[in-house]
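Structure record follows, encoded as structure tokens.
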Amino acid sequence: MPGRDKEIIRLEKVGKTFAANSIYIKALENVNLSIYQGEFLCIVGPSGCGKTTLLRILAGLEEHSEGKVIIKRNVPEKPLNSMVFQGDSLFPWMNIIENVSYGLRMQGKGKKERYRIAEKYLTKIGLKGYEKAYPYQLSGGMKQRVSVARAFASDPEILLMDEPFGALDEQNKILLQQELLKIWGETRKTTIFITHSIDEALILGDRVIVMTSVPGRVKVTVDVRLPRPRDFSEIRSNSTFIRLYQSVWKELREEVLKTRTSKPL
Ligand SMILES: Nc1ncnc2c1ncn2[C@@H]1O[C@H](COP(=O)(O)OP(=O)(O)OP(=O)(O)O)[C@@H](O)[C@H]1O
């Protein structure tokens with residue numbers, strides 16, 4: 001469990017209302033949350049509860065309507081964040097090494113250094129030898145590996161991941177989770193990871209936030225007191241894992257049921 005001494009992000013009473021064609025959708029309401037340096041925070045919640053909206057606000061891609069979002073920078077020269085999405089977000093016209101080193105190019109790094117760093121992360125994620133390939137030549141799992149390598153290569157202060165493995169088959173998902181945890185363990189990047197899977201949240205996270213149904217708020221925060229490195233073959237039979245799974249599911253289930261009984265717009 002990382003120290004909770006260094007707060008890197010603080011959300012105070014954050015709200016977000018979308019307005020279009022006289023329709024107002026309150027996506028987030030009164031979100032209060034502290035995120036600490038080096039932690040792996042997972043967010044679960046019913047579909048449509050505002051998880052992506054929250055991540056987009058943290059990424060600076062969306063304005064919040066209420067409250068305060070405070071992000072403390074440690075190293076001003078570093079990019080503040082990198083995002084990994086569920087879908088294919090690689091540039092189709094660039095080969096793999098160019099894709100992975102894109103952020104480094106934006107930082108003004110020379111080709112030799114960019115390629116050295118990109119190679120390092122491609123090796124870590126099991127894609128050495130694919131530098132010259134193009135995205136269309138890779139499977140879905142390989143493309144997500146490249147996205148993860150790209151996110152780490154640009155060395156941001158915060159990693160924002162929006163269901164990055166949601167579209168993958170079970171085997172690829174497990175492999176990518178393991179690879180992600182390995183790289184995360186080496187870098188200890190502050191990571192905020194959205195998932196629909198309680199299993200995934202507990203395997204990866206230091207803490208799991210359960211959000212309410214829309215408008216999304218933080219319902220409960222669960223500390224995942226499972227030792228690292230985590231043994232994927234045994235973790236699901238660990239009694240702490242089972243207890244945590246049950247308590248997260250209890251909270252989540254209530255919210256999912258609410259979305260089923262809520263009225264349409
Ligand atoms: N650009 C937008 N304009 C209008 N409404 C939006 C916009 N983006 C999101 N919303 C609404 O805000 C709410 C939260 O959406 P969001 O995508 O953040 O939820 P989510 O929890 O990530 O959903 P899912 O788990 O299904 O991906 C939803 O009701 C959605 O319809």
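The chains in the structure tokens are called A, B, ... from first to last as shown; in each chain the residues are counted from 1, and the ligands are counted from 1 in the order shown.
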Write out as a VMD selection string the residues lying within 12 Å of Leu181 (chain A), counting only C-alpha atoms and excluding same-chain residues fewer than 2 positions away. chain A and resid 39 to 40 124 to 125 148 174 to 179 183 to 189 191 193 200 to 201 203 to 206 228 to 232
Restricting the output to N, CA and C atoms, write the selected residues as a tab-separated table (two decimals), in the first residue's frame.
```tsv
chain	number	residue	atom	x	y	z
A	39	GLU	N	-0.23	5.93	-6.47
A	39	GLU	CA	-1.24	4.89	-6.22
A	39	GLU	C	-1.91	4.44	-7.52
A	40	PHE	N	-2.46	3.24	-7.45
A	40	PHE	CA	-3.22	2.68	-8.55
A	40	PHE	C	-4.67	2.67	-8.09
A	124	LYS	N	9.34	-4.36	-22.91
A	124	LYS	CA	8.65	-4.69	-21.65
A	124	LYS	C	7.26	-5.26	-21.91
A	125	ILE	N	6.62	-4.78	-22.98
A	125	ILE	CA	5.24	-5.18	-23.24
A	125	ILE	C	5.17	-6.34	-24.25
A	148	VAL	N	-0.42	1.02	-24.35
A	148	VAL	CA	0.14	1.05	-22.98
A	148	VAL	C	1.61	1.49	-23.04
A	174	ILE	N	-5.81	-10.99	-19.33
A	174	ILE	CA	-4.97	-11.40	-18.19
A	174	ILE	C	-3.50	-11.06	-18.47
A	175	LEU	N	-3.06	-11.34	-19.70
A	175	LEU	CA	-1.65	-11.05	-20.04
A	175	LEU	C	-1.37	-9.55	-19.93
A	176	LEU	N	-2.28	-8.75	-20.46
A	176	LEU	CA	-2.07	-7.30	-20.41
A	176	LEU	C	-2.13	-6.76	-18.99
A	177	GLN	N	-3.02	-7.32	-18.18
A	177	GLN	CA	-3.07	-6.89	-16.77
A	177	GLN	C	-1.73	-7.18	-16.09
A	178	GLN	N	-1.19	-8.37	-16.36
A	178	GLN	CA	0.10	-8.74	-15.74
A	178	GLN	C	1.21	-7.80	-16.21
A	179	GLU	N	1.22	-7.54	-17.53
A	179	GLU	CA	2.27	-6.67	-18.07
A	179	GLU	C	2.14	-5.25	-17.53
A	183	ILE	N	5.01	-3.17	-15.32
A	183	ILE	CA	5.57	-1.85	-15.65
A	183	ILE	C	5.19	-0.84	-14.58
A	184	TRP	N	3.96	-0.92	-14.11
A	184	TRP	CA	3.53	0.02	-13.07
A	184	TRP	C	4.40	-0.17	-11.82
A	185	GLY	N	4.69	-1.44	-11.49
A	185	GLY	CA	5.52	-1.72	-10.31
A	185	GLY	C	6.90	-1.10	-10.43
A	186	GLU	N	7.41	-1.03	-11.65
A	186	GLU	CA	8.75	-0.45	-11.87
A	186	GLU	C	8.72	1.08	-11.86
A	187	THR	N	7.58	1.64	-12.27
A	187	THR	CA	7.54	3.10	-12.43
A	187	THR	C	6.74	3.80	-11.34
A	188	ARG	N	5.79	3.05	-10.76
A	188	ARG	CA	4.88	3.60	-9.73
A	188	ARG	C	4.22	4.90	-10.18
A	189	LYS	N	3.78	4.91	-11.42
A	189	LYS	CA	3.04	6.08	-11.91
A	189	LYS	C	1.68	6.14	-11.24
A	191	THR	N	-1.90	6.11	-11.21
A	191	THR	CA	-2.75	5.57	-12.29
A	191	THR	C	-4.22	5.57	-11.87
A	193	PHE	N	-7.75	4.13	-13.23
A	193	PHE	CA	-8.12	3.07	-14.16
A	193	PHE	C	-9.61	2.78	-14.03
A	200	GLU	N	-11.06	-7.19	-12.10
A	200	GLU	CA	-9.92	-6.43	-12.61
A	200	GLU	C	-9.52	-5.32	-11.63
A	201	ALA	N	-10.54	-4.63	-11.06
A	201	ALA	CA	-10.26	-3.54	-10.13
A	201	ALA	C	-9.49	-4.04	-8.91
A	203	ILE	N	-7.70	-6.87	-8.69
A	203	ILE	CA	-6.39	-7.44	-9.05
A	203	ILE	C	-5.36	-6.33	-9.22
A	204	LEU	N	-5.81	-5.21	-9.81
A	204	LEU	CA	-4.85	-4.16	-10.14
A	204	LEU	C	-4.69	-3.10	-9.05
A	205	GLY	N	-5.78	-2.74	-8.39
A	205	GLY	CA	-5.80	-1.49	-7.64
A	205	GLY	C	-5.25	-1.53	-6.22
A	206	ASP	N	-4.84	-0.34	-5.76
A	206	ASP	CA	-4.56	-0.13	-4.33
A	206	ASP	C	-5.85	0.26	-3.62
A	228	ARG	N	1.72	-7.04	-2.93
A	228	ARG	CA	2.28	-6.99	-4.29
A	228	ARG	C	3.68	-7.57	-4.23
A	229	PRO	N	4.20	-8.14	-5.32
A	229	PRO	CA	3.51	-8.38	-6.58
A	229	PRO	C	2.38	-9.40	-6.40
A	230	ARG	N	1.32	-9.24	-7.17
A	230	ARG	CA	0.14	-10.09	-7.00
A	230	ARG	C	0.24	-11.35	-7.85
A	231	ASP	N	-0.10	-12.45	-7.22
A	231	ASP	CA	-0.01	-13.73	-7.91
A	231	ASP	C	-1.36	-14.01	-8.58
A	232	PHE	N	-1.38	-13.87	-9.90
A	232	PHE	CA	-2.65	-13.97	-10.63
A	232	PHE	C	-3.29	-15.34	-10.51
```
Which of region 89-133 of chain A fall in alpha helix (DSSP H), as a PyMOL selection string: chain A and resi 96-100+102-106+111-124
Hey, could you make a per-residue contact list for chain A against ligand 1 with 10 Å as the cut-off, showing the nearest pair of atoms and its distance in Å to one decimal, counting only C-alpha atoms and all ligand atoms, sorted by chain and number, as a Markdown table?
```
| residue | atom | partner | partner_atom_place_in_ligand_line | distance |
| --- | --- | --- | --- | --- |
| A:Lys16 | CA | ligand 1 | 12 (O) | 8.4 |
| A:Thr17 | CA | ligand 1 | 12 (O) | 7.7 |
| A:Phe18 | CA | ligand 1 | 4 (C) | 4.8 |
| A:Ala19 | CA | ligand 1 | 4 (C) | 6.3 |
| A:Ala20 | CA | ligand 1 | 4 (C) | 6.5 |
| A:Asn21 | CA | ligand 1 | 4 (C) | 9.8 |
| A:Ile23 | CA | ligand 1 | 4 (C) | 8.4 |
| A:Tyr24 | CA | ligand 1 | 4 (C) | 7.8 |
| A:Ile25 | CA | ligand 1 | 5 (N) | 5.9 |
| A:Lys26 | CA | ligand 1 | 12 (O) | 6.7 |
| A:Ala27 | CA | ligand 1 | 13 (C) | 4.3 |
| A:Leu28 | CA | ligand 1 | 14 (C) | 7.5 |
| A:Ile43 | CA | ligand 1 | 21 (O) | 9.5 |
| A:Val44 | CA | ligand 1 | 21 (O) | 8.3 |
| A:Gly45 | CA | ligand 1 | 21 (O) | 6.4 |
| A:Pro46 | CA | ligand 1 | 25 (O) | 6.1 |
| A:Ser47 | CA | ligand 1 | 25 (O) | 3.5 |
| A:Gly48 | CA | ligand 1 | 23 (O) | 3.4 |
| A:Cys49 | CA | ligand 1 | 21 (O) | 3.9 |
| A:Gly50 | CA | ligand 1 | 18 (O) | 3.2 |
| A:Lys51 | CA | ligand 1 | 21 (O) | 3.9 |
| A:Thr52 | CA | ligand 1 | 22 (O) | 3.7 |
| A:Thr53 | CA | ligand 1 | 18 (O) | 3.7 |
| A:Leu54 | CA | ligand 1 | 18 (O) | 6.5 |
| A:Leu55 | CA | ligand 1 | 18 (O) | 8.1 |
| A:Arg56 | CA | ligand 1 | 18 (O) | 8.3 |
| A:Ile57 | CA | ligand 1 | 18 (O) | 9.9 |
| A:Glu62 | CA | ligand 1 | 1 (N) | 8.8 |
| A:Gln86 | CA | ligand 1 | 27 (O) | 9.8 |
| A:Asp162 | CA | ligand 1 | 22 (O) | 8.2 |
| A:Glu163 | CA | ligand 1 | 27 (O) | 8.2 |
| A:Ile194 | CA | ligand 1 | 22 (O) | 8.2 |
| A:Thr195 | CA | ligand 1 | 25 (O) | 7.9 |
| A:His196 | CA | ligand 1 | 25 (O) | 6.9 |
| A:Met211 | CA | ligand 1 | 21 (O) | 8.6 |
| A:Thr212 | CA | ligand 1 | 21 (O) | 9.6 |
| A:Ser213 | CA | ligand 1 | 21 (O) | 8.4 |
| A:Val214 | CA | ligand 1 | 29 (O) | 6.7 |
| A:Pro215 | CA | ligand 1 | 13 (C) | 7.4 |
| A:Gly216 | CA | ligand 1 | 14 (C) | 7.8 |
| A:Leu265 | CA | ligand 1 | 29 (O) | 9.6 |
```
For the residues selected in the previous step, produce a file with C-alpha atoms as a PDB file, in the first residue's frame.
```
ATOM      1  CA  LYS A  16     -20.764  18.341 -14.405  1.00  0.00           C
ATOM      2  CA  THR A  17     -23.935  19.075 -16.341  1.00  0.00           C
ATOM      3  CA  PHE A  18     -24.128  18.549 -20.084  1.00  0.00           C
ATOM      4  CA  ALA A  19     -26.524  20.796 -21.926  1.00  0.00           C
ATOM      5  CA  ALA A  20     -27.638  20.255 -25.507  1.00  0.00           C
ATOM      6  CA  ASN A  21     -30.881  21.151 -27.298  1.00  0.00           C
ATOM      7  CA  ILE A  23     -31.755  18.763 -22.506  1.00  0.00           C
ATOM      8  CA  TYR A  24     -29.675  18.881 -19.354  1.00  0.00           C
ATOM      9  CA  ILE A  25     -27.856  15.809 -18.142  1.00  0.00           C
ATOM     10  CA  LYS A  26     -26.255  15.957 -14.735  1.00  0.00           C
ATOM     11  CA  ALA A  27     -23.421  13.502 -15.127  1.00  0.00           C
ATOM     12  CA  LEU A  28     -21.513  14.211 -11.895  1.00  0.00           C
ATOM     13  CA  ILE A  43     -13.064   3.278 -10.489  1.00  0.00           C
ATOM     14  CA  VAL A  44     -16.138   1.115 -10.934  1.00  0.00           C
ATOM     15  CA  GLY A  45     -19.753   2.210 -11.295  1.00  0.00           C
ATOM     16  CA  PRO A  46     -22.883   1.479 -13.280  1.00  0.00           C
ATOM     17  CA  SER A  47     -22.926   2.261 -16.963  1.00  0.00           C
ATOM     18  CA  GLY A  48     -23.553   5.961 -17.589  1.00  0.00           C
ATOM     19  CA  CYS A  49     -22.637   7.095 -14.046  1.00  0.00           C
ATOM     20  CA  GLY A  50     -20.016   9.558 -15.255  1.00  0.00           C
ATOM     21  CA  LYS A  51     -16.749   7.599 -15.054  1.00  0.00           C
ATOM     22  CA  THR A  52     -15.502   8.675 -18.468  1.00  0.00           C
ATOM     23  CA  THR A  53     -16.652  12.233 -17.810  1.00  0.00           C
ATOM     24  CA  LEU A  54     -14.599  12.272 -14.615  1.00  0.00           C
ATOM     25  CA  LEU A  55     -11.522  10.988 -16.426  1.00  0.00           C
ATOM     26  CA  ARG A  56     -11.978  13.523 -19.226  1.00  0.00           C
ATOM     27  CA  ILE A  57     -12.173  16.325 -16.644  1.00  0.00           C
ATOM     28  CA  GLU A  62     -13.850  18.469 -20.443  1.00  0.00           C
ATOM     29  CA  GLN A  86     -10.662   1.034 -24.875  1.00  0.00           C
ATOM     30  CA  ASP A 162     -10.547   4.181 -19.582  1.00  0.00           C
ATOM     31  CA  GLU A 163     -11.450   0.487 -19.783  1.00  0.00           C
ATOM     32  CA  ILE A 194     -11.790   2.733 -15.098  1.00  0.00           C
ATOM     33  CA  THR A 195     -13.220  -0.733 -15.409  1.00  0.00           C
ATOM     34  CA  HIS A 196     -16.547  -2.547 -15.380  1.00  0.00           C
ATOM     35  CA  MET A 211     -19.567   5.410  -7.902  1.00  0.00           C
ATOM     36  CA  THR A 212     -23.295   5.926  -7.517  1.00  0.00           C
ATOM     37  CA  SER A 213     -25.697   5.782 -10.433  1.00  0.00           C
ATOM     38  CA  VAL A 214     -26.003   8.997 -12.421  1.00  0.00           C
ATOM     39  CA  PRO A 215     -25.383  11.723 -11.322  1.00  0.00           C
ATOM     40  CA  GLY A 216     -22.170  10.036 -10.261  1.00  0.00           C
ATOM     41  CA  LEU A 265     -35.264  11.350 -20.200  1.00  0.00           C
TER      42      LEU A 265
END
```
Give me, as a list of chain:residue names, all polymer residues having an atom no more than 10 Å from Gln107 (chain A), counting only C-alpha atoms and skipping those fewer than 4 positions away in the same chain. A:Glu77, A:Lys78, A:Pro79, A:Ser101, A:Tyr102, A:Gly103, A:Arg114, A:Ser154
Serialized selection, C-alpha atoms, as a PDB file, in the first residue's frame:
```
ATOM      1  CA  GLU A  77       8.677  19.669 -17.841  1.00  0.00           C
ATOM      2  CA  LYS A  78       6.874  16.319 -17.824  1.00  0.00           C
ATOM      3  CA  PRO A  79       3.545  15.878 -19.587  1.00  0.00           C
ATOM      4  CA  SER A 101       7.548   7.615 -29.465  1.00  0.00           C
ATOM      5  CA  TYR A 102       4.981  10.183 -30.600  1.00  0.00           C
ATOM      6  CA  GLY A 103       4.675  11.860 -27.175  1.00  0.00           C
ATOM      7  CA  ARG A 114      12.906   8.613 -28.657  1.00  0.00           C
ATOM      8  CA  SER A 154       6.026   9.699 -22.592  1.00  0.00           C
TER       9      SER A 154
END
```
Find the spatial neighbours of Leu127 (chain A), counting only C-alpha atoms, within a cut-off of 10 Å - ignore same-chain residues fewer than 5 positions away - and output them as an MDAnalysis selection string. chainID A and resid 96 119:122 142:143 145:146 149
Could you dump the residues just selected with N, CA and C atoms as an mmCIF file, in the first residue's frame?
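The new file out.cif reads:
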```
data_model
loop_
_atom_site.group_PDB
_atom_site.id
_atom_site.type_symbol
_atom_site.label_atom_id
_atom_site.label_comp_id
_atom_site.auth_asym_id
_atom_site.auth_seq_id
_atom_site.Cartn_x
_atom_site.Cartn_y
_atom_site.Cartn_z
ATOM 1 N N ILE A 96 4.853 1.263 -35.613
ATOM 2 C CA ILE A 96 4.692 1.076 -34.166
ATOM 3 C C ILE A 96 5.685 1.918 -33.370
ATOM 4 N N GLU A 119 11.756 1.600 -27.649
ATOM 5 C CA GLU A 119 12.225 0.200 -27.691
ATOM 6 C C GLU A 119 12.117 -0.447 -26.322
ATOM 7 N N LYS A 120 12.516 0.330 -25.305
ATOM 8 C CA LYS A 120 12.509 -0.199 -23.931
ATOM 9 C C LYS A 120 11.090 -0.642 -23.558
ATOM 10 N N TYR A 121 10.104 0.218 -23.847
ATOM 11 C CA TYR A 121 8.743 -0.131 -23.449
ATOM 12 C C TYR A 121 8.134 -1.187 -24.363
ATOM 13 N N LEU A 122 8.524 -1.200 -25.626
ATOM 14 C CA LEU A 122 8.030 -2.262 -26.512
ATOM 15 C C LEU A 122 8.550 -3.624 -26.047
ATOM 16 N N MET A 142 -2.511 -6.722 -29.368
ATOM 17 C CA MET A 142 -1.196 -6.107 -29.645
ATOM 18 C C MET A 142 -1.326 -4.587 -29.719
ATOM 19 N N LYS A 143 -2.424 -4.117 -30.318
ATOM 20 C CA LYS A 143 -2.609 -2.655 -30.419
ATOM 21 C C LYS A 143 -2.748 -2.035 -29.023
ATOM 22 N N ARG A 145 -1.429 -3.207 -26.354
ATOM 23 C CA ARG A 145 -0.068 -3.226 -25.786
ATOM 24 C C ARG A 145 0.692 -1.984 -26.235
ATOM 25 N N VAL A 146 0.557 -1.666 -27.522
ATOM 26 C CA VAL A 146 1.259 -0.491 -28.050
ATOM 27 C C VAL A 146 0.746 0.771 -27.344
ATOM 28 N N ALA A 149 2.357 0.912 -23.986
ATOM 29 C CA ALA A 149 3.777 1.294 -24.131
ATOM 30 C C ALA A 149 3.894 2.790 -24.409
#
```
